[in-house]
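start-v8.txt (compact mmCIF, N, CA and C atoms) appears below.
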```
# COMPACT_ATOMS: atom_id res chain seq x y z
N ASP A 76 0.22 -9.36 -71.63
CA ASP A 76 -0.38 -8.31 -72.42
C ASP A 76 -1.78 -8.06 -71.89
N ASP A 77 -2.20 -6.81 -71.92
CA ASP A 77 -3.54 -6.47 -71.43
C ASP A 77 -4.59 -6.59 -72.52
N GLU A 78 -4.20 -6.81 -73.77
CA GLU A 78 -5.15 -6.96 -74.87
C GLU A 78 -5.55 -8.43 -74.97
N VAL A 79 -6.75 -8.74 -74.46
CA VAL A 79 -7.21 -10.12 -74.36
C VAL A 79 -7.20 -10.81 -75.72
N SER A 80 -7.72 -10.16 -76.75
CA SER A 80 -7.79 -10.81 -78.07
C SER A 80 -6.39 -11.11 -78.60
N PHE A 81 -5.43 -10.21 -78.37
CA PHE A 81 -4.06 -10.46 -78.80
C PHE A 81 -3.49 -11.67 -78.07
N VAL A 82 -3.67 -11.72 -76.75
CA VAL A 82 -3.13 -12.82 -75.95
C VAL A 82 -3.74 -14.15 -76.40
N GLU A 83 -5.05 -14.17 -76.61
CA GLU A 83 -5.72 -15.41 -77.01
C GLU A 83 -5.21 -15.89 -78.37
N THR A 84 -5.17 -15.01 -79.35
CA THR A 84 -4.71 -15.37 -80.69
C THR A 84 -3.25 -15.77 -80.68
N PHE A 85 -2.43 -14.99 -80.02
CA PHE A 85 -0.99 -15.26 -79.94
C PHE A 85 -0.74 -16.60 -79.26
N SER A 86 -1.46 -16.86 -78.18
CA SER A 86 -1.31 -18.12 -77.44
C SER A 86 -1.69 -19.31 -78.31
N GLU A 87 -2.80 -19.20 -79.04
CA GLU A 87 -3.22 -20.28 -79.93
C GLU A 87 -2.14 -20.59 -80.97
N ARG A 88 -1.55 -19.54 -81.51
CA ARG A 88 -0.51 -19.74 -82.53
C ARG A 88 0.73 -20.40 -81.93
N LEU A 89 1.06 -20.09 -80.70
CA LEU A 89 2.21 -20.73 -80.04
C LEU A 89 1.90 -22.19 -79.69
N VAL A 90 0.69 -22.45 -79.24
CA VAL A 90 0.29 -23.82 -78.92
C VAL A 90 0.34 -24.69 -80.18
N MET A 91 -0.07 -24.13 -81.31
CA MET A 91 -0.01 -24.88 -82.58
C MET A 91 1.43 -25.25 -82.94
N ARG A 92 2.39 -24.55 -82.36
CA ARG A 92 3.81 -24.84 -82.59
C ARG A 92 4.40 -25.64 -81.42
N ASN A 93 3.51 -26.31 -80.70
CA ASN A 93 3.90 -27.25 -79.63
C ASN A 93 4.57 -26.61 -78.42
N LEU A 94 4.23 -25.37 -78.12
CA LEU A 94 4.73 -24.75 -76.90
C LEU A 94 3.64 -24.81 -75.83
N GLU A 95 4.05 -25.03 -74.58
CA GLU A 95 3.11 -24.99 -73.46
C GLU A 95 2.98 -23.55 -73.01
N ILE A 96 1.75 -23.09 -72.86
CA ILE A 96 1.49 -21.67 -72.61
C ILE A 96 0.73 -21.48 -71.31
N SER A 97 1.11 -20.45 -70.57
CA SER A 97 0.32 -19.93 -69.45
C SER A 97 0.07 -18.47 -69.79
N LYS A 98 -1.17 -18.02 -69.63
CA LYS A 98 -1.53 -16.66 -70.01
C LYS A 98 -1.68 -15.76 -68.79
N ALA A 99 -1.37 -14.49 -69.01
CA ALA A 99 -1.60 -13.46 -68.00
C ALA A 99 -1.98 -12.17 -68.73
N PHE A 100 -2.83 -11.38 -68.11
CA PHE A 100 -3.32 -10.17 -68.76
C PHE A 100 -2.88 -8.89 -68.04
N SER A 101 -1.93 -9.04 -67.12
CA SER A 101 -1.36 -7.87 -66.43
C SER A 101 -0.02 -8.28 -65.84
N GLY A 102 0.76 -7.31 -65.44
CA GLY A 102 2.03 -7.61 -64.79
C GLY A 102 1.83 -8.36 -63.49
N GLU A 103 0.84 -7.94 -62.72
CA GLU A 103 0.56 -8.59 -61.44
C GLU A 103 0.18 -10.05 -61.66
N GLU A 104 -0.66 -10.30 -62.66
CA GLU A 104 -1.08 -11.67 -62.96
C GLU A 104 0.10 -12.51 -63.45
N ALA A 105 0.99 -11.90 -64.22
CA ALA A 105 2.18 -12.63 -64.69
C ALA A 105 3.03 -13.10 -63.51
N LEU A 106 3.20 -12.25 -62.52
CA LEU A 106 3.97 -12.63 -61.33
C LEU A 106 3.29 -13.76 -60.57
N GLN A 107 1.96 -13.73 -60.51
CA GLN A 107 1.22 -14.81 -59.84
C GLN A 107 1.39 -16.13 -60.59
N VAL A 108 1.34 -16.07 -61.93
CA VAL A 108 1.52 -17.28 -62.74
C VAL A 108 2.91 -17.86 -62.51
N LEU A 109 3.92 -17.01 -62.46
CA LEU A 109 5.29 -17.48 -62.21
C LEU A 109 5.41 -18.09 -60.81
N GLU A 110 4.70 -17.53 -59.87
CA GLU A 110 4.73 -18.03 -58.49
C GLU A 110 4.15 -19.45 -58.42
N THR A 111 3.10 -19.71 -59.19
CA THR A 111 2.43 -21.00 -59.12
C THR A 111 3.00 -22.04 -60.08
N ASN A 112 3.71 -21.60 -61.11
CA ASN A 112 4.28 -22.53 -62.08
C ASN A 112 5.78 -22.32 -62.17
N LYS A 113 6.51 -23.05 -61.35
CA LYS A 113 7.97 -22.89 -61.25
C LYS A 113 8.71 -23.41 -62.48
N ASN A 114 8.01 -24.08 -63.40
CA ASN A 114 8.66 -24.65 -64.58
C ASN A 114 8.69 -23.71 -65.77
N LEU A 115 8.11 -22.53 -65.65
CA LEU A 115 8.12 -21.59 -66.77
C LEU A 115 9.54 -21.15 -67.07
N GLU A 116 9.86 -21.09 -68.34
CA GLU A 116 11.21 -20.73 -68.75
C GLU A 116 11.30 -19.35 -69.37
N VAL A 117 10.25 -18.96 -70.13
CA VAL A 117 10.30 -17.72 -70.89
C VAL A 117 8.98 -16.96 -70.72
N VAL A 118 9.09 -15.67 -70.51
CA VAL A 118 7.92 -14.79 -70.45
C VAL A 118 7.98 -13.86 -71.66
N ILE A 119 6.86 -13.77 -72.36
CA ILE A 119 6.73 -12.79 -73.44
C ILE A 119 5.88 -11.68 -72.86
N LEU A 120 6.45 -10.49 -72.77
CA LEU A 120 5.86 -9.41 -71.97
C LEU A 120 5.70 -8.13 -72.78
N ASP A 121 4.50 -7.59 -72.77
CA ASP A 121 4.23 -6.32 -73.45
C ASP A 121 4.80 -5.17 -72.62
N VAL A 122 5.33 -4.18 -73.30
CA VAL A 122 5.90 -3.01 -72.61
C VAL A 122 4.80 -2.13 -72.05
N LYS A 123 3.80 -1.83 -72.86
CA LYS A 123 2.75 -0.88 -72.48
C LYS A 123 1.54 -1.63 -71.91
N MET A 124 1.36 -1.50 -70.60
CA MET A 124 0.19 -2.09 -69.93
C MET A 124 -0.27 -1.12 -68.86
N PRO A 125 -1.58 -1.08 -68.61
CA PRO A 125 -2.05 -0.24 -67.49
C PRO A 125 -1.61 -0.85 -66.17
N GLY A 126 -1.54 -0.03 -65.15
CA GLY A 126 -1.05 -0.52 -63.85
C GLY A 126 0.44 -0.72 -63.93
N MET A 127 0.90 -1.91 -63.59
CA MET A 127 2.32 -2.22 -63.64
C MET A 127 2.71 -2.41 -65.11
N ASP A 128 3.57 -1.52 -65.62
CA ASP A 128 3.95 -1.65 -67.03
C ASP A 128 4.97 -2.77 -67.22
N GLY A 129 5.36 -3.00 -68.47
CA GLY A 129 6.25 -4.10 -68.78
C GLY A 129 7.62 -3.99 -68.15
N ILE A 130 8.18 -2.80 -68.11
CA ILE A 130 9.52 -2.62 -67.54
C ILE A 130 9.48 -2.91 -66.04
N GLU A 131 8.48 -2.40 -65.35
CA GLU A 131 8.35 -2.66 -63.91
C GLU A 131 8.14 -4.15 -63.65
N THR A 132 7.34 -4.79 -64.49
CA THR A 132 7.11 -6.22 -64.36
C THR A 132 8.40 -6.99 -64.60
N LEU A 133 9.15 -6.59 -65.63
CA LEU A 133 10.44 -7.22 -65.92
C LEU A 133 11.37 -7.16 -64.71
N VAL A 134 11.47 -6.00 -64.10
CA VAL A 134 12.35 -5.82 -62.94
C VAL A 134 11.93 -6.78 -61.82
N LYS A 135 10.63 -6.88 -61.56
CA LYS A 135 10.14 -7.76 -60.49
C LYS A 135 10.38 -9.22 -60.84
N ILE A 136 10.21 -9.58 -62.10
CA ILE A 136 10.48 -10.96 -62.52
C ILE A 136 11.94 -11.28 -62.28
N LYS A 137 12.84 -10.39 -62.68
CA LYS A 137 14.27 -10.66 -62.56
C LYS A 137 14.72 -10.72 -61.09
N ILE A 138 14.03 -10.02 -60.21
CA ILE A 138 14.35 -10.09 -58.78
C ILE A 138 13.89 -11.43 -58.19
N LYS A 139 12.64 -11.81 -58.47
CA LYS A 139 12.07 -13.02 -57.86
C LYS A 139 12.41 -14.30 -58.61
N PHE A 140 12.59 -14.20 -59.92
CA PHE A 140 12.84 -15.38 -60.77
C PHE A 140 13.98 -15.07 -61.73
N PRO A 141 15.19 -14.92 -61.21
CA PRO A 141 16.30 -14.41 -62.03
C PRO A 141 16.66 -15.25 -63.25
N LEU A 142 16.35 -16.54 -63.23
CA LEU A 142 16.71 -17.38 -64.37
C LEU A 142 15.66 -17.35 -65.49
N VAL A 143 14.45 -16.89 -65.19
CA VAL A 143 13.41 -16.81 -66.21
C VAL A 143 13.82 -15.75 -67.23
N GLU A 144 13.77 -16.12 -68.49
CA GLU A 144 14.11 -15.18 -69.56
C GLU A 144 12.86 -14.43 -69.99
N VAL A 145 13.02 -13.16 -70.33
CA VAL A 145 11.90 -12.30 -70.70
C VAL A 145 12.15 -11.68 -72.07
N ILE A 146 11.17 -11.88 -72.95
CA ILE A 146 11.19 -11.24 -74.27
C ILE A 146 10.16 -10.14 -74.22
N MET A 147 10.59 -8.91 -74.47
CA MET A 147 9.70 -7.76 -74.43
C MET A 147 9.09 -7.53 -75.81
N LEU A 148 7.80 -7.18 -75.82
CA LEU A 148 7.10 -6.83 -77.06
C LEU A 148 6.57 -5.41 -76.95
N SER A 149 6.59 -4.71 -78.06
CA SER A 149 5.99 -3.38 -78.07
C SER A 149 5.34 -3.11 -79.41
N GLY A 150 4.21 -2.46 -79.37
CA GLY A 150 3.54 -2.02 -80.58
C GLY A 150 3.95 -0.60 -80.95
N HIS A 151 4.82 -0.02 -80.16
CA HIS A 151 5.26 1.36 -80.36
C HIS A 151 6.77 1.38 -80.54
N ALA A 152 7.22 2.08 -81.55
CA ALA A 152 8.67 2.18 -81.79
C ALA A 152 9.28 3.07 -80.71
N ASP A 153 9.66 2.47 -79.61
CA ASP A 153 10.18 3.20 -78.47
C ASP A 153 11.57 2.67 -78.13
N VAL A 154 12.57 3.31 -78.71
CA VAL A 154 13.95 2.88 -78.52
C VAL A 154 14.35 2.97 -77.05
N GLU A 155 13.88 3.99 -76.37
CA GLU A 155 14.23 4.18 -74.95
C GLU A 155 13.76 3.01 -74.10
N SER A 156 12.52 2.55 -74.31
CA SER A 156 12.04 1.42 -73.51
C SER A 156 12.77 0.14 -73.88
N ALA A 157 13.18 0.01 -75.14
CA ALA A 157 13.95 -1.17 -75.55
C ALA A 157 15.29 -1.20 -74.84
N ILE A 158 15.96 -0.07 -74.80
CA ILE A 158 17.26 0.02 -74.13
C ILE A 158 17.09 -0.24 -72.63
N ASP A 159 16.06 0.36 -72.05
CA ASP A 159 15.79 0.16 -70.62
C ASP A 159 15.51 -1.31 -70.32
N GLY A 160 14.70 -1.94 -71.16
CA GLY A 160 14.39 -3.35 -70.97
C GLY A 160 15.63 -4.23 -71.04
N MET A 161 16.50 -3.95 -71.98
CA MET A 161 17.73 -4.74 -72.12
C MET A 161 18.64 -4.51 -70.91
N LYS A 162 18.70 -3.27 -70.42
CA LYS A 162 19.51 -2.97 -69.23
C LYS A 162 18.97 -3.71 -68.00
N GLN A 163 17.66 -3.90 -67.97
CA GLN A 163 17.03 -4.55 -66.82
C GLN A 163 17.05 -6.07 -66.92
N GLY A 164 17.62 -6.60 -68.00
CA GLY A 164 17.80 -8.04 -68.10
C GLY A 164 16.92 -8.76 -69.09
N ALA A 165 16.21 -8.03 -69.94
CA ALA A 165 15.40 -8.69 -70.96
C ALA A 165 16.30 -9.48 -71.90
N PHE A 166 15.83 -10.63 -72.34
CA PHE A 166 16.57 -11.45 -73.28
C PHE A 166 16.60 -10.78 -74.65
N ASP A 167 15.44 -10.21 -75.05
CA ASP A 167 15.36 -9.52 -76.33
C ASP A 167 14.14 -8.62 -76.33
N TYR A 168 14.03 -7.82 -77.38
CA TYR A 168 12.96 -6.83 -77.51
C TYR A 168 12.48 -6.90 -78.96
N LEU A 169 11.20 -7.18 -79.16
CA LEU A 169 10.65 -7.30 -80.50
C LEU A 169 9.48 -6.36 -80.70
N MET A 170 9.28 -5.96 -81.94
CA MET A 170 8.18 -5.06 -82.29
C MET A 170 6.97 -5.85 -82.76
N LYS A 171 5.78 -5.42 -82.36
CA LYS A 171 4.53 -5.96 -82.89
C LYS A 171 4.27 -5.31 -84.25
N PRO A 172 3.69 -5.98 -85.19
CA PRO A 172 3.33 -7.38 -85.16
C PRO A 172 4.57 -8.26 -85.24
N VAL A 173 4.55 -9.35 -84.50
CA VAL A 173 5.70 -10.23 -84.40
C VAL A 173 5.57 -11.36 -85.41
N ASP A 174 6.63 -11.62 -86.13
CA ASP A 174 6.69 -12.75 -87.03
C ASP A 174 6.79 -14.02 -86.18
N MET A 175 5.91 -14.99 -86.41
CA MET A 175 5.88 -16.18 -85.56
C MET A 175 7.17 -16.99 -85.63
N ASP A 176 7.79 -17.08 -86.79
CA ASP A 176 9.06 -17.80 -86.88
C ASP A 176 10.12 -17.11 -86.02
N GLN A 177 10.11 -15.78 -86.05
CA GLN A 177 11.08 -15.02 -85.26
C GLN A 177 10.84 -15.24 -83.76
N ILE A 178 9.59 -15.19 -83.33
CA ILE A 178 9.32 -15.36 -81.90
C ILE A 178 9.65 -16.78 -81.46
N ILE A 179 9.38 -17.77 -82.29
CA ILE A 179 9.73 -19.16 -81.94
C ILE A 179 11.24 -19.29 -81.80
N THR A 180 11.98 -18.69 -82.71
CA THR A 180 13.45 -18.72 -82.63
C THR A 180 13.92 -18.07 -81.34
N LYS A 181 13.36 -16.92 -80.99
CA LYS A 181 13.75 -16.21 -79.77
C LYS A 181 13.37 -16.99 -78.51
N VAL A 182 12.17 -17.56 -78.49
CA VAL A 182 11.73 -18.34 -77.32
C VAL A 182 12.63 -19.55 -77.14
N THR A 183 12.95 -20.22 -78.22
CA THR A 183 13.82 -21.40 -78.15
C THR A 183 15.19 -21.01 -77.62
N ALA A 184 15.75 -19.92 -78.12
CA ALA A 184 17.07 -19.46 -77.66
C ALA A 184 17.01 -19.05 -76.19
N ALA A 185 15.95 -18.38 -75.78
CA ALA A 185 15.81 -17.95 -74.40
C ALA A 185 15.67 -19.16 -73.47
N ALA A 186 14.88 -20.14 -73.86
CA ALA A 186 14.72 -21.35 -73.04
C ALA A 186 16.05 -22.10 -72.92
N THR A 187 16.79 -22.15 -74.01
CA THR A 187 18.10 -22.81 -73.99
C THR A 187 19.04 -22.10 -73.03
N LYS A 188 19.02 -20.78 -73.05
CA LYS A 188 19.88 -20.00 -72.15
C LYS A 188 19.51 -20.28 -70.69
N LYS A 189 18.22 -20.33 -70.39
CA LYS A 189 17.79 -20.62 -69.02
C LYS A 189 18.26 -22.00 -68.58
N ARG A 190 18.09 -23.00 -69.44
CA ARG A 190 18.51 -24.36 -69.10
C ARG A 190 20.02 -24.44 -68.88
N GLN A 191 20.78 -23.72 -69.70
CA GLN A 191 22.24 -23.72 -69.53
C GLN A 191 22.63 -23.10 -68.19
N HIS A 192 21.96 -22.02 -67.79
CA HIS A 192 22.22 -21.41 -66.48
C HIS A 192 21.90 -22.38 -65.36
N GLU A 193 20.78 -23.08 -65.49
CA GLU A 193 20.39 -24.06 -64.46
C GLU A 193 21.43 -25.19 -64.38
N GLU A 194 21.90 -25.65 -65.51
CA GLU A 194 22.91 -26.71 -65.53
C GLU A 194 24.21 -26.25 -64.86
N LYS A 195 24.61 -25.01 -65.11
CA LYS A 195 25.82 -24.48 -64.47
C LYS A 195 25.66 -24.41 -62.96
N ILE A 196 24.48 -24.02 -62.50
CA ILE A 196 24.22 -23.95 -61.06
C ILE A 196 24.28 -25.34 -60.45
N ILE A 197 23.65 -26.30 -61.10
CA ILE A 197 23.68 -27.68 -60.61
C ILE A 197 25.11 -28.20 -60.56
N GLN A 198 25.87 -27.95 -61.61
CA GLN A 198 27.26 -28.43 -61.66
C GLN A 198 28.10 -27.77 -60.56
N ALA A 199 27.87 -26.49 -60.31
CA ALA A 199 28.60 -25.79 -59.25
C ALA A 199 28.26 -26.40 -57.89
N ARG A 200 27.01 -26.74 -57.67
CA ARG A 200 26.60 -27.37 -56.41
C ARG A 200 27.24 -28.75 -56.26
N ILE A 201 27.25 -29.51 -57.35
CA ILE A 201 27.89 -30.83 -57.32
C ILE A 201 29.37 -30.69 -57.00
N ASN A 202 30.03 -29.74 -57.65
CA ASN A 202 31.46 -29.51 -57.40
C ASN A 202 31.71 -29.12 -55.95
N GLU A 203 30.83 -28.29 -55.40
CA GLU A 203 30.98 -27.87 -54.01
C GLU A 203 30.83 -29.06 -53.06
N ILE A 204 29.85 -29.88 -53.30
CA ILE A 204 29.61 -31.05 -52.45
C ILE A 204 30.77 -32.03 -52.55
N THR A 205 31.20 -32.33 -53.76
CA THR A 205 32.30 -33.30 -53.93
C THR A 205 33.61 -32.77 -53.40
N SER A 206 33.84 -31.46 -53.46
CA SER A 206 35.10 -30.90 -52.93
C SER A 206 35.11 -30.97 -51.40
N ARG A 207 33.96 -30.94 -50.75
CA ARG A 207 33.89 -31.05 -49.30
C ARG A 207 34.24 -32.46 -48.85
N ARG A 208 33.95 -33.45 -49.70
CA ARG A 208 34.21 -34.85 -49.36
C ARG A 208 35.66 -35.23 -49.58
N ALA A 209 36.37 -34.46 -50.37
CA ALA A 209 37.75 -34.82 -50.72
C ALA A 209 38.72 -34.56 -49.59
```

Rewrite the structure of this file - the entire thing - as structure tokens.
Amino acid sequence: DDEVSFVETFSERLVMRNLEISKAFSGEEALQVLETNKNLEVVILDVKMPGMDGIETLVKIKIKFPLVEVIMLSGHADVESAIDGMKQGAFDYLMKPVDMDQIITKVTAAATKKRQHEEKIIQARINEITSRRA
């Protein structure tokens, strides 16, 4: 999100709920954070940002980090951007102001989905290796 005060307050509230947070204030910065921290599971991404908007950032995240789940946020009731975000691979789309219990539920579900995908990939690799030995 490009709104520094929103990011700071939102991050503090997530940290109080025992989540590890990395902050970014633009789409470009979000991509840099993902590049340096390969353990990130979920990105909470604002739709409306100057420069690279949320949808463009989502597309780039899904290309470079396909297993990372993205929850889109918007302060504007924009059904078109919600549909576009979901088509581009967003895990979910929520309206600001966001209920913290709702966002925690969504983040937990998104992280679980990412871990399940990673486990399937690992299992497929194990199956491939063991089938070569047989």

### Query
If we count all atoms listed in the file, what is near Arg88 (chain A) at a cut-off of 8 Å, once residues fewer than 6 positions away on the same chain are taken out, given as a ChimeraX atom specification?
/A:82,94,175

#### Entry: Spatial neighbours of Ala186 (chain A), max dist 9 Å, only C-alpha atoms, sep filter under 6 positions, as a PyMOL selection string
chain A and resi 116-117+143-144

What does the file look like for those residues with N, CA and C atoms, as a PDB file, keeping the file's coordinate frame?
```
ATOM      1  N   GLU A 116       9.860 -21.090 -68.340  1.00  0.00           N
ATOM      2  CA  GLU A 116      11.210 -20.730 -68.750  1.00  0.00           C
ATOM      3  C   GLU A 116      11.300 -19.350 -69.370  1.00  0.00           C
ATOM      4  N   VAL A 117      10.250 -18.960 -70.130  1.00  0.00           N
ATOM      5  CA  VAL A 117      10.300 -17.720 -70.890  1.00  0.00           C
ATOM      6  C   VAL A 117       8.980 -16.960 -70.720  1.00  0.00           C
ATOM      7  N   VAL A 143      14.450 -16.890 -65.190  1.00  0.00           N
ATOM      8  CA  VAL A 143      13.410 -16.810 -66.210  1.00  0.00           C
ATOM      9  C   VAL A 143      13.820 -15.750 -67.230  1.00  0.00           C
ATOM     10  N   GLU A 144      13.770 -16.120 -68.490  1.00  0.00           N
ATOM     11  CA  GLU A 144      14.110 -15.180 -69.560  1.00  0.00           C
ATOM     12  C   GLU A 144      12.860 -14.430 -69.990  1.00  0.00           C
TER      13      GLU A 144
END
```

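The environment of Ile146 (chain A) within 5 Å, counting all atoms listed in the file and disregarding residues fewer than 2 places along the same chain, consists of Val118, Ile119, Leu120, Glu144, Leu148, Phe166 and Asp167 of chain A.
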
Return as AutoDock Vina command-line options the box centre and box size in Å, one decimal, for an axis-aligned box around all listed atoms of region 76-80 of chain A padded by 6 Å per side.
```
--center_x -3.8 --center_y -8.8 --center_z -75.0 --size_x 20.0 --size_y 16.6 --size_z 19.2
```

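Across the model, the gap from CA of Phe140 (chain A) to CA of Met170 (chain A) is 24.3 Å.
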
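In this structure, CA of Ser101 (chain A) sits 18.4 Å away from CA of Glu87 (chain A).
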
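For the pair CA of Met127 (chain A) and atom C of Asp77 (chain A), the separation is 12.1 Å.
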
### Task
Select from chain A everything DSSP, run on the backbone, classes as strand (DSSP E), then give the selection as number ranges by chain.
A: 117-121, 144-149, 167-170

Kindly export the residues of the current selection with N, CA and C atoms, as a PDB file, keeping the file's coordinate frame.
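To be explicit, this is the file written out as out09.pdb:
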```
ATOM      1  N   VAL A 117      10.250 -18.960 -70.130  1.00  0.00           N
ATOM      2  CA  VAL A 117      10.300 -17.720 -70.890  1.00  0.00           C
ATOM      3  C   VAL A 117       8.980 -16.960 -70.720  1.00  0.00           C
ATOM      4  N   VAL A 118       9.090 -15.670 -70.510  1.00  0.00           N
ATOM      5  CA  VAL A 118       7.920 -14.790 -70.450  1.00  0.00           C
ATOM      6  C   VAL A 118       7.980 -13.860 -71.660  1.00  0.00           C
ATOM      7  N   ILE A 119       6.860 -13.770 -72.360  1.00  0.00           N
ATOM      8  CA  ILE A 119       6.730 -12.790 -73.440  1.00  0.00           C
ATOM      9  C   ILE A 119       5.880 -11.680 -72.860  1.00  0.00           C
ATOM     10  N   LEU A 120       6.450 -10.490 -72.770  1.00  0.00           N
ATOM     11  CA  LEU A 120       5.860  -9.410 -71.970  1.00  0.00           C
ATOM     12  C   LEU A 120       5.700  -8.130 -72.780  1.00  0.00           C
ATOM     13  N   ASP A 121       4.500  -7.590 -72.770  1.00  0.00           N
ATOM     14  CA  ASP A 121       4.230  -6.320 -73.450  1.00  0.00           C
ATOM     15  C   ASP A 121       4.800  -5.170 -72.620  1.00  0.00           C
ATOM     16  N   GLU A 144      13.770 -16.120 -68.490  1.00  0.00           N
ATOM     17  CA  GLU A 144      14.110 -15.180 -69.560  1.00  0.00           C
ATOM     18  C   GLU A 144      12.860 -14.430 -69.990  1.00  0.00           C
ATOM     19  N   VAL A 145      13.020 -13.160 -70.330  1.00  0.00           N
ATOM     20  CA  VAL A 145      11.900 -12.300 -70.700  1.00  0.00           C
ATOM     21  C   VAL A 145      12.150 -11.680 -72.070  1.00  0.00           C
ATOM     22  N   ILE A 146      11.170 -11.880 -72.950  1.00  0.00           N
ATOM     23  CA  ILE A 146      11.190 -11.240 -74.270  1.00  0.00           C
ATOM     24  C   ILE A 146      10.160 -10.140 -74.220  1.00  0.00           C
ATOM     25  N   MET A 147      10.590  -8.910 -74.470  1.00  0.00           N
ATOM     26  CA  MET A 147       9.700  -7.760 -74.430  1.00  0.00           C
ATOM     27  C   MET A 147       9.090  -7.530 -75.810  1.00  0.00           C
ATOM     28  N   LEU A 148       7.800  -7.180 -75.820  1.00  0.00           N
ATOM     29  CA  LEU A 148       7.100  -6.830 -77.060  1.00  0.00           C
ATOM     30  C   LEU A 148       6.570  -5.410 -76.950  1.00  0.00           C
ATOM     31  N   SER A 149       6.590  -4.710 -78.060  1.00  0.00           N
ATOM     32  CA  SER A 149       5.990  -3.380 -78.070  1.00  0.00           C
ATOM     33  C   SER A 149       5.340  -3.110 -79.410  1.00  0.00           C
ATOM     34  N   ASP A 167      15.440 -10.210 -75.050  1.00  0.00           N
ATOM     35  CA  ASP A 167      15.360  -9.520 -76.330  1.00  0.00           C
ATOM     36  C   ASP A 167      14.140  -8.620 -76.330  1.00  0.00           C
ATOM     37  N   TYR A 168      14.030  -7.820 -77.380  1.00  0.00           N
ATOM     38  CA  TYR A 168      12.960  -6.830 -77.510  1.00  0.00           C
ATOM     39  C   TYR A 168      12.480  -6.900 -78.960  1.00  0.00           C
ATOM     40  N   LEU A 169      11.200  -7.180 -79.160  1.00  0.00           N
ATOM     41  CA  LEU A 169      10.650  -7.300 -80.500  1.00  0.00           C
ATOM     42  C   LEU A 169       9.480  -6.360 -80.700  1.00  0.00           C
ATOM     43  N   MET A 170       9.280  -5.960 -81.940  1.00  0.00           N
ATOM     44  CA  MET A 170       8.180  -5.060 -82.290  1.00  0.00           C
ATOM     45  C   MET A 170       6.970  -5.850 -82.760  1.00  0.00           C
TER      46      MET A 170
END
```

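You can rank A:Met147, A:Ala199, A:Met124, A:Met161 by their closest distance to Asp76 (chain A) using only N, CA and C atoms, and at the top of that list sits A:Met124.
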
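Counting only C-alpha atoms and comparing A:His192, A:Lys135, A:Lys162, A:Lys171, the residue that lies closest to Ser149 (chain A) is A:Lys171.
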
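The protein and nucleic acid residues lying at most 8 Å from Leu106 (chain A) are A:Ala99, A:Asn112, A:Thr132, A:Lys135, A:Ile136, with all atoms listed in the file considered and sequence neighbours fewer than 6 positions away removed.
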
Just to be explicit: take each residue in the selection above, keep N, CA and C atoms, and write the result as a compact mmCIF listing (two decimals), in the coordinates of the input.
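Everything below was put into again_19.txt:
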```
# COMPACT_ATOMS: atom_id res chain seq x y z
N ALA A 99 -1.37 -14.49 -69.01
CA ALA A 99 -1.60 -13.46 -68.00
C ALA A 99 -1.98 -12.17 -68.73
N ASN A 112 3.71 -21.60 -61.11
CA ASN A 112 4.28 -22.53 -62.08
C ASN A 112 5.78 -22.32 -62.17
N THR A 132 7.34 -4.79 -64.49
CA THR A 132 7.11 -6.22 -64.36
C THR A 132 8.40 -6.99 -64.60
N LYS A 135 10.63 -6.88 -61.56
CA LYS A 135 10.14 -7.76 -60.49
C LYS A 135 10.38 -9.22 -60.84
N ILE A 136 10.21 -9.58 -62.10
CA ILE A 136 10.48 -10.96 -62.52
C ILE A 136 11.94 -11.28 -62.28
```

### Message
Under the rule that all atoms listed in the file are counted, which of A:Gln163, A:Lys195, A:Pro172, A:Phe100 is the nearest residue to Glu78 (chain A)?
### Response
A:Phe100

#### Entry: Shell around Gly160 (chain A) at 8 Å using only N, CA and C atoms, local window under 4 positions removed, as an NGL selection string
:A and (129-130 or 133-134 or 147 or 154-156 or 164-168)

### Summary
One residue among A:Asp128, A:Val108, A:Leu142, A:Ser97 is nearest to Thr187 (chain A) when using only C-alpha atoms, and that residue is A:Leu142

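Take the candidates A:Gln198, A:Glu104, A:Ile179, A:Glu193 and check each one against Val90 (chain A) using only C-alpha atoms; the shortest distance goes to A:Ile179.
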
### Query
Could you write out, as a PyMOL selection string, all the residues of chain A that DSSP marks as alpha helix (DSSP H)?
chain A and resi 79-90+102-111+129-139+154-162+175-208
